[in-house]
>>> print(open('query15.txt').read())   # compact mmCIF, C-alpha atoms
# COMPACT_ATOMS: atom_id res chain seq x y z
CA MET Q 1 13.58 8.04 -9.60
CA LYS Q 2 10.30 8.40 -11.44
CA ILE Q 3 8.58 5.19 -12.49
CA LYS Q 4 6.62 5.45 -15.74
CA PRO Q 5 4.48 2.50 -16.80
CA PRO Q 6 3.82 2.09 -20.51
CA GLY Q 7 0.58 4.07 -20.86
CA ARG Q 8 -1.20 5.56 -17.89
CA LEU Q 9 -3.34 3.04 -16.00
CA ALA Q 10 -6.14 4.42 -13.85
CA ILE Q 11 -7.22 2.28 -10.93
CA ILE Q 12 -10.96 1.71 -10.75
CA GLY Q 13 -11.09 -0.52 -7.69
CA GLN Q 14 -10.69 -3.96 -6.18
CA HIS Q 15 -13.26 -6.66 -6.92
CA GLU Q 16 -14.01 -10.30 -6.20
CA ILE Q 17 -15.42 -13.06 -8.37
CA THR Q 18 -16.07 -16.76 -7.79
CA LEU Q 19 -14.41 -19.01 -10.37
CA GLN Q 20 -15.07 -22.75 -10.20
CA GLY Q 21 -16.05 -22.39 -6.55
CA ARG Q 22 -12.95 -20.38 -5.58
CA LYS Q 23 -13.11 -16.71 -4.63
CA VAL Q 24 -10.61 -14.64 -6.60
CA ASP Q 25 -9.69 -11.02 -5.87
CA TYR Q 26 -8.60 -8.79 -8.70
CA VAL Q 27 -7.59 -5.20 -9.27
CA LEU Q 28 -9.45 -3.40 -12.05
CA LYS Q 29 -7.46 -0.84 -14.04
CA GLN Q 30 -8.33 1.24 -17.07
CA SER Q 31 -6.10 2.18 -19.98
CA PRO Q 32 -6.90 4.58 -22.84
CA ARG Q 33 -4.46 2.73 -25.11
CA ILE Q 34 -6.08 -0.69 -25.41
CA ARG Q 35 -9.17 -1.85 -27.24
CA GLY Q 36 -9.99 -5.14 -25.56
CA ILE Q 37 -9.84 -6.49 -22.02
CA ARG Q 38 -6.44 -7.74 -20.88
CA LEU Q 39 -5.62 -10.10 -18.00
CA GLU Q 40 -2.33 -10.14 -16.10
CA ILE Q 41 -1.20 -12.27 -13.15
CA HIS Q 42 1.72 -11.27 -10.93
CA ASN Q 43 3.22 -13.19 -8.03
CA ASP Q 44 3.03 -10.18 -5.70
CA SER Q 45 -0.29 -8.63 -6.71
CA GLY Q 46 -2.37 -11.48 -8.12
CA LEU Q 47 -4.90 -10.96 -10.91
CA ILE Q 48 -5.09 -7.60 -12.67
CA VAL Q 49 -7.85 -6.86 -15.20
CA ILE Q 50 -7.13 -3.96 -17.60
CA VAL Q 51 -10.08 -2.54 -19.50
CA PRO Q 52 -10.35 0.08 -22.27
CA LYS Q 53 -12.01 3.46 -21.90
CA ARG Q 54 -15.40 2.02 -22.79
CA TYR Q 55 -16.38 -1.35 -21.39
CA LYS Q 56 -19.24 -3.22 -19.73
CA SER Q 57 -18.96 -5.07 -16.43
CA GLU Q 58 -20.71 -8.05 -18.03
CA GLN Q 59 -17.80 -8.37 -20.46
CA ILE Q 60 -15.36 -8.70 -17.57
CA ASN Q 61 -17.38 -11.46 -15.91
CA ASP Q 62 -17.69 -13.36 -19.20
CA ILE Q 63 -13.96 -13.22 -19.92
CA LEU Q 64 -13.02 -14.21 -16.38
CA ALA Q 65 -15.40 -17.15 -16.54
CA LYS Q 66 -13.99 -18.28 -19.91
CA LYS Q 67 -10.41 -17.91 -18.69
CA SER Q 68 -11.09 -19.38 -15.22
CA GLY Q 69 -8.96 -22.46 -15.84
CA TRP Q 70 -5.96 -20.41 -16.93
CA ILE Q 71 -6.44 -17.95 -14.06
CA LEU Q 72 -6.65 -20.64 -11.36
CA ARG Q 73 -3.61 -22.48 -12.74
CA HIS Q 74 -1.43 -19.39 -12.69
CA LEU Q 75 -2.56 -17.61 -9.53
CA PRO Q 76 0.15 -17.58 -6.83
CA GLY Q 77 -0.30 -20.17 -4.09
CA ARG Q 78 -0.33 -17.62 -1.30
CA ARG Q 79 -2.69 -14.68 -1.12
CA PRO Q 80 -1.01 -11.72 -2.82
CA MET Q 81 -0.15 -8.63 -0.83
CA GLN Q 82 -2.98 -6.10 -1.05
CA ILE Q 83 -2.62 -2.39 -0.40
CA PRO Q 84 -5.94 -0.66 0.34
CA LEU Q 85 -6.89 1.43 -2.66
CA PHE Q 86 -8.97 4.01 -0.85
CA ARG Q 87 -8.21 5.36 2.60
CA LYS Q 88 -10.57 6.94 5.08
CA GLU Q 89 -9.30 8.41 8.32
CA VAL Q 90 -7.44 5.67 10.15
CA ASP Q 91 -9.49 4.40 13.09
CA HIS Q 92 -8.68 2.63 16.34
CA GLY Q 93 -7.89 -1.03 15.66
CA GLU Q 94 -7.20 -0.54 11.96
CA LYS Q 95 -3.98 -1.91 10.48
CA ILE Q 96 -1.56 0.06 8.33
CA ARG Q 97 1.47 -1.09 6.39
CA TYR Q 98 5.03 -0.46 7.54
CA MET Q 99 7.38 -2.17 5.09
CA ASP Q 100 6.86 -5.93 5.54
CA LYS Q 101 4.62 -5.56 8.60
CA MET Q 102 1.00 -4.70 9.26
CA ILE Q 103 0.84 -2.62 12.45
CA GLU Q 104 -2.29 -1.95 14.47
CA VAL Q 105 -3.32 1.62 15.24
CA VAL Q 106 -4.26 2.31 18.88
CA VAL Q 107 -5.93 5.69 19.39
CA ILE Q 108 -5.53 7.27 22.83
CA LYS Q 109 -8.12 10.02 23.12
CA ASP Q 110 -7.00 11.78 26.29
CA GLY Q 111 -4.16 13.52 24.46
CA GLN Q 112 -1.93 13.44 27.53
CA GLN Q 113 0.88 11.30 26.14
CA SER Q 114 4.38 12.79 25.93
CA ARG Q 115 4.73 11.62 22.33
CA PRO Q 116 2.04 12.07 19.64
CA ALA Q 117 2.85 8.63 18.20
CA TYR Q 118 5.10 5.73 19.12
CA LEU Q 119 5.49 2.10 18.06
CA LYS Q 120 5.50 -0.70 20.61
CA ASP Q 121 5.03 -4.44 20.09
CA ASN Q 122 3.77 -3.98 16.52
CA ARG Q 123 1.17 -1.43 17.65
CA LEU Q 124 1.25 2.26 16.80
CA PHE Q 125 -0.11 4.39 19.64
CA ILE Q 126 -1.56 7.76 18.57
CA SER Q 127 -2.45 10.37 21.16
CA CYS Q 128 -5.43 12.55 20.21
CA GLY Q 129 -7.34 15.09 22.21
CA PRO Q 130 -8.12 18.79 22.61
CA GLY Q 131 -5.21 20.90 21.43
CA THR Q 132 -3.44 18.06 19.61
CA ARG Q 133 -2.82 17.84 15.89
CA GLY Q 134 -5.18 15.90 13.65
CA ARG Q 135 -4.75 12.15 13.42
CA ALA Q 136 -3.72 12.33 9.76
CA LYS Q 137 -1.00 14.86 10.51
CA ILE Q 138 0.28 12.77 13.42
CA LEU Q 139 0.44 9.68 11.20
CA GLU Q 140 2.28 11.44 8.40
CA ASP Q 141 4.75 13.02 10.82
CA TRP Q 142 5.41 9.60 12.35
CA TYR Q 143 6.07 8.03 8.95
CA ARG Q 144 8.37 10.92 8.03
CA SER Q 145 10.39 10.57 11.23
CA GLN Q 146 10.66 6.80 10.72
CA ALA Q 147 11.69 7.35 7.12
CA ALA Q 148 14.49 9.71 8.16
CA PHE Q 149 15.90 7.07 10.50
CA VAL Q 150 15.34 3.96 8.34
CA PHE Q 151 16.51 5.47 5.05
CA LYS Q 152 19.67 6.92 6.59
CA GLU Q 153 20.56 3.65 8.27
CA LYS Q 154 20.16 1.80 4.98
CA ALA Q 155 21.99 4.43 2.91
CA ASP Q 156 24.92 4.40 5.34
CA ARG Q 157 25.19 0.63 5.02
CA PHE Q 158 24.75 0.51 1.25
CA GLN Q 159 27.23 3.29 0.52
CA THR Q 160 29.93 1.24 2.28
CA GLU Q 161 29.00 -1.93 0.41
CA MET Q 162 28.92 -0.09 -2.94
CA GLY Q 163 32.05 1.95 -2.35
CA LEU Q 164 30.19 5.25 -2.68
CA ARG Q 165 29.46 8.30 -0.55
CA TYR Q 166 26.44 10.54 -0.19
CA ASN Q 167 26.10 13.89 1.56
CA LYS Q 168 22.66 13.93 3.20
CA ILE Q 169 19.11 12.62 2.90
CA VAL Q 170 16.04 14.80 2.54
CA ILE Q 171 12.63 13.25 3.26
CA ARG Q 172 9.89 14.44 0.93
CA GLY Q 173 6.33 13.53 -0.05
CA GLN Q 174 6.59 13.96 -3.81
CA ARG Q 175 3.55 13.13 -5.90
CA LYS Q 176 5.47 11.87 -8.93
CA ARG Q 177 8.86 10.70 -7.67
CA TRP Q 178 10.00 8.00 -5.32
CA ALA Q 179 13.52 9.31 -5.00
CA SER Q 180 16.26 11.31 -6.69
CA ALA Q 181 20.00 11.93 -6.42
CA SER Q 182 21.55 15.36 -6.94
CA PRO Q 183 25.01 16.15 -8.35
CA MET Q 184 25.81 17.60 -4.90
CA GLY Q 185 25.59 14.12 -3.40
CA ASN Q 186 22.17 14.55 -1.76
CA LEU Q 187 19.40 11.94 -1.72
CA SER Q 188 15.72 12.90 -1.78
CA ILE Q 189 13.45 10.00 -0.82
CA ASN Q 190 9.66 9.77 -0.58
CA TRP Q 191 8.45 8.78 2.91
CA LYS Q 192 5.58 6.85 1.32
CA LEU Q 193 8.07 4.13 0.40
CA LEU Q 194 7.75 2.88 3.97
CA MET Q 195 4.48 1.28 2.81
CA ALA Q 196 6.36 -0.80 0.23
CA PRO Q 197 8.08 -4.13 0.95
CA GLU Q 198 11.50 -3.65 2.52
CA ALA Q 199 13.26 -5.20 -0.47
CA VAL Q 200 11.70 -2.51 -2.67
CA VAL Q 201 12.89 0.20 -0.25
CA ASP Q 202 16.40 -1.24 -0.45
CA TYR Q 203 16.26 -1.25 -4.25
CA VAL Q 204 15.22 2.40 -4.45
CA ILE Q 205 18.01 3.53 -2.12
CA MET Q 206 20.65 1.47 -3.95
CA HIS Q 207 19.31 2.78 -7.26
CA GLU Q 208 19.85 6.38 -6.19
CA LEU Q 209 23.25 5.68 -4.67
CA ALA Q 210 24.31 4.06 -7.94
CA HIS Q 211 23.75 7.41 -9.63
CA PHE Q 212 26.80 8.71 -7.78
CA LYS Q 213 28.75 6.24 -9.92
CA HIS Q 214 26.81 6.79 -13.16
CA MET Q 215 24.52 9.83 -13.39
CA ASP Q 216 22.35 8.28 -16.09
CA HIS Q 217 20.49 5.06 -16.90
CA SER Q 218 23.10 3.63 -19.23
CA LYS Q 219 23.99 -0.05 -19.43
CA LYS Q 220 26.94 0.67 -17.15
CA PHE Q 221 24.53 2.03 -14.54
CA TRP Q 222 22.27 -1.03 -14.59
CA ASP Q 223 25.25 -3.42 -14.61
CA PHE Q 224 26.69 -1.65 -11.58
CA LEU Q 225 23.36 -1.72 -9.73
CA ALA Q 226 22.89 -5.43 -10.54
CA ARG Q 227 26.10 -6.25 -8.64
CA PHE Q 228 24.38 -5.19 -5.41
CA CYS Q 229 20.71 -5.67 -6.30
CA PRO Q 230 20.47 -8.61 -8.75
CA GLU Q 231 16.64 -8.60 -8.72
CA TRP Q 232 16.24 -4.89 -9.46
CA ARG Q 233 13.90 -5.63 -12.39
CA LYS Q 234 11.49 -7.42 -10.04
CA TYR Q 235 11.41 -4.51 -7.58
CA ARG Q 236 11.13 -1.88 -10.29
CA LYS Q 237 8.18 -3.79 -11.74
CA TRP Q 238 6.55 -3.91 -8.30
CA LEU Q 239 6.66 -0.11 -8.13
CA VAL Q 240 5.15 0.17 -11.61
CA ILE Q 241 2.27 -2.14 -10.70
CA HIS Q 242 1.60 -0.70 -7.24
CA GLU Q 243 2.40 2.97 -7.77
CA ASP Q 244 -1.17 4.27 -7.61
CA GLU Q 245 -2.24 1.93 -4.81
CA LEU Q 246 0.77 2.88 -2.73
CA LYS Q 247 0.32 6.61 -3.10
CA THR Q 248 -3.40 6.39 -2.43
CA ALA Q 249 -2.89 4.26 0.67
CA ALA Q 250 -0.38 6.82 1.97
CA THR Q 251 -2.86 9.70 1.63
CA PHE Q 252 -4.66 9.86 4.94
CA ALA Q 253 -8.02 11.65 5.16
CA ARG Q 254 -7.83 15.00 6.88
>>> encode(input="query15.txt", output="structure tokens")
Amino acid sequence: MKIKPPGRLAIIGQHEITLQGRKVDYVLKQSPRIRGIRLEIHNDSGLIVIVPKRYKSEQINDILAKKSGWILRHLPGRRPMQIPLFRKEVDHGEKIRYMDKMIEVVVIKDGQQSRPAYLKDNRLFISCGPGTRGRAKILEDWYRSQAAFVFKEKADRFQTEMGLRYNKIVIRGQRKRWASASPMGNLSINWKLLMAPEAVVDYVIMHELAHFKHMDHSKKFWDFLARFCPEWRKYRKWLVIHEDELKTAATFAR
């Protein structure tokens, strides 16, 4: 499954502004297809400011100030989920996303542990030292191994509920696809999905399984998927909004 937003949005960064005494975070994106500045508010990601190819930062501040009443009325009550846009090498004590959880990284520098990485009590222990693999490689390998277990467990359960069957799951790290289903009954799923909310992970797996019923995106396909994932539009939209953030957050510095 490849998610294509209407027009390519380039992420510029995350910013903060004070509106009527309240600090508001927003994600700044750039689109080559618009002329003015556009504001969007989403329950899961908060305020998004989309600017054209040429713009001035002063224009953004002016518009946000003028629209402050509208923004504050429509912002979600809770702080929206934020995925770090730019990743450095993950350090000791830093938190990384694992579906609906934020887990703390604990770096063990003696490199004597029997396992390079293991999760215990919401903490991910990484063993580093002379002769061990780099921290980034250890992290990616851990996510891949978790993905193989989690995705298979979910696919096994969903195939029973949906009355379908798949052959096997292949874990990949595609740059442009979240998942795909082959005519041979195989599922290919991107390990980076483990940084998305669990409901989104479930949607992607059910989406691909549904292709074993309808190998297209016809109305019959979407109607069939909706029987098992009624809010598929919400989760598909989440992937569109967060695609670049998610893939950037899952690219660890080497």
>>> residues_around(input="query15.txt", residues="range 54-65 of chain Q", least_positions_apart="3", cutoff="8 Å", atoms="all atoms listed in the file", output="compact mmCIF listing (two decimals) with C-alpha atoms, in the frame of the given file")
# COMPACT_ATOMS: atom_id res chain seq x y z
CA ILE Q 17 -15.42 -13.06 -8.37
CA LEU Q 19 -14.41 -19.01 -10.37
CA ILE Q 37 -9.84 -6.49 -22.02
CA VAL Q 51 -10.08 -2.54 -19.50
CA SER Q 68 -11.09 -19.38 -15.22
CA ILE Q 71 -6.44 -17.95 -14.06
>>> closest_residue(input="query15.txt", among="Q:Met206, Q:Met195, Q:Ile50, Q:Ile41", to="Ile103 in chain Q", atoms="only C-alpha atoms")
Q:Met195
>>> closest_residue(input="query15.txt", among="Q:Val106, Q:Ala199, Q:Leu139, Q:Ala179", to="Tyr235 in chain Q", atoms="all atoms listed in the file")
Q:Ala199
>>> atom_distance(input="query15.txt", atom1="CA of Glu140 in chain Q", atom2="CA of Val27 in chain Q")
26.2 Å
>>> closest_residue(input="query15.txt", among="Q:Leu47, Q:Leu239, Q:Leu194, Q:Ile205", to="Met102 in chain Q", atoms="only C-alpha atoms")
Q:Leu194
>>> closest_residue(input="query15.txt", among="Q:His15, Q:Lys234, Q:Arg73, Q:Arg35", to="Ile48 in chain Q", atoms="only C-alpha atoms")
Q:His15
>>> atom_distance(input="query15.txt", atom1="CA of Val150 in chain Q", atom2="CA of Arg177 in chain Q")
18.5 Å
>>> closest_residue(input="query15.txt", among="Q:Leu209, Q:Ala196, Q:Val240, Q:Ala181", to="Lys101 in chain Q", atoms="all atoms listed in the file")
Q:Ala196
>>> residues_around(input="query15.txt", residues="Lys53 in chain Q", least_positions_apart="3", cutoff="12 Å", atoms="all atoms listed in the file", output="JSON, numbers by chain")
{"Q": [8, 9, 10, 12, 29, 30, 31, 32, 33, 34, 35, 36, 37, 50, 56]}
>>> atom_distance(input="query15.txt", atom1="CA of His211 in chain Q", atom2="CA of Lys192 in chain Q")
21.2 Å
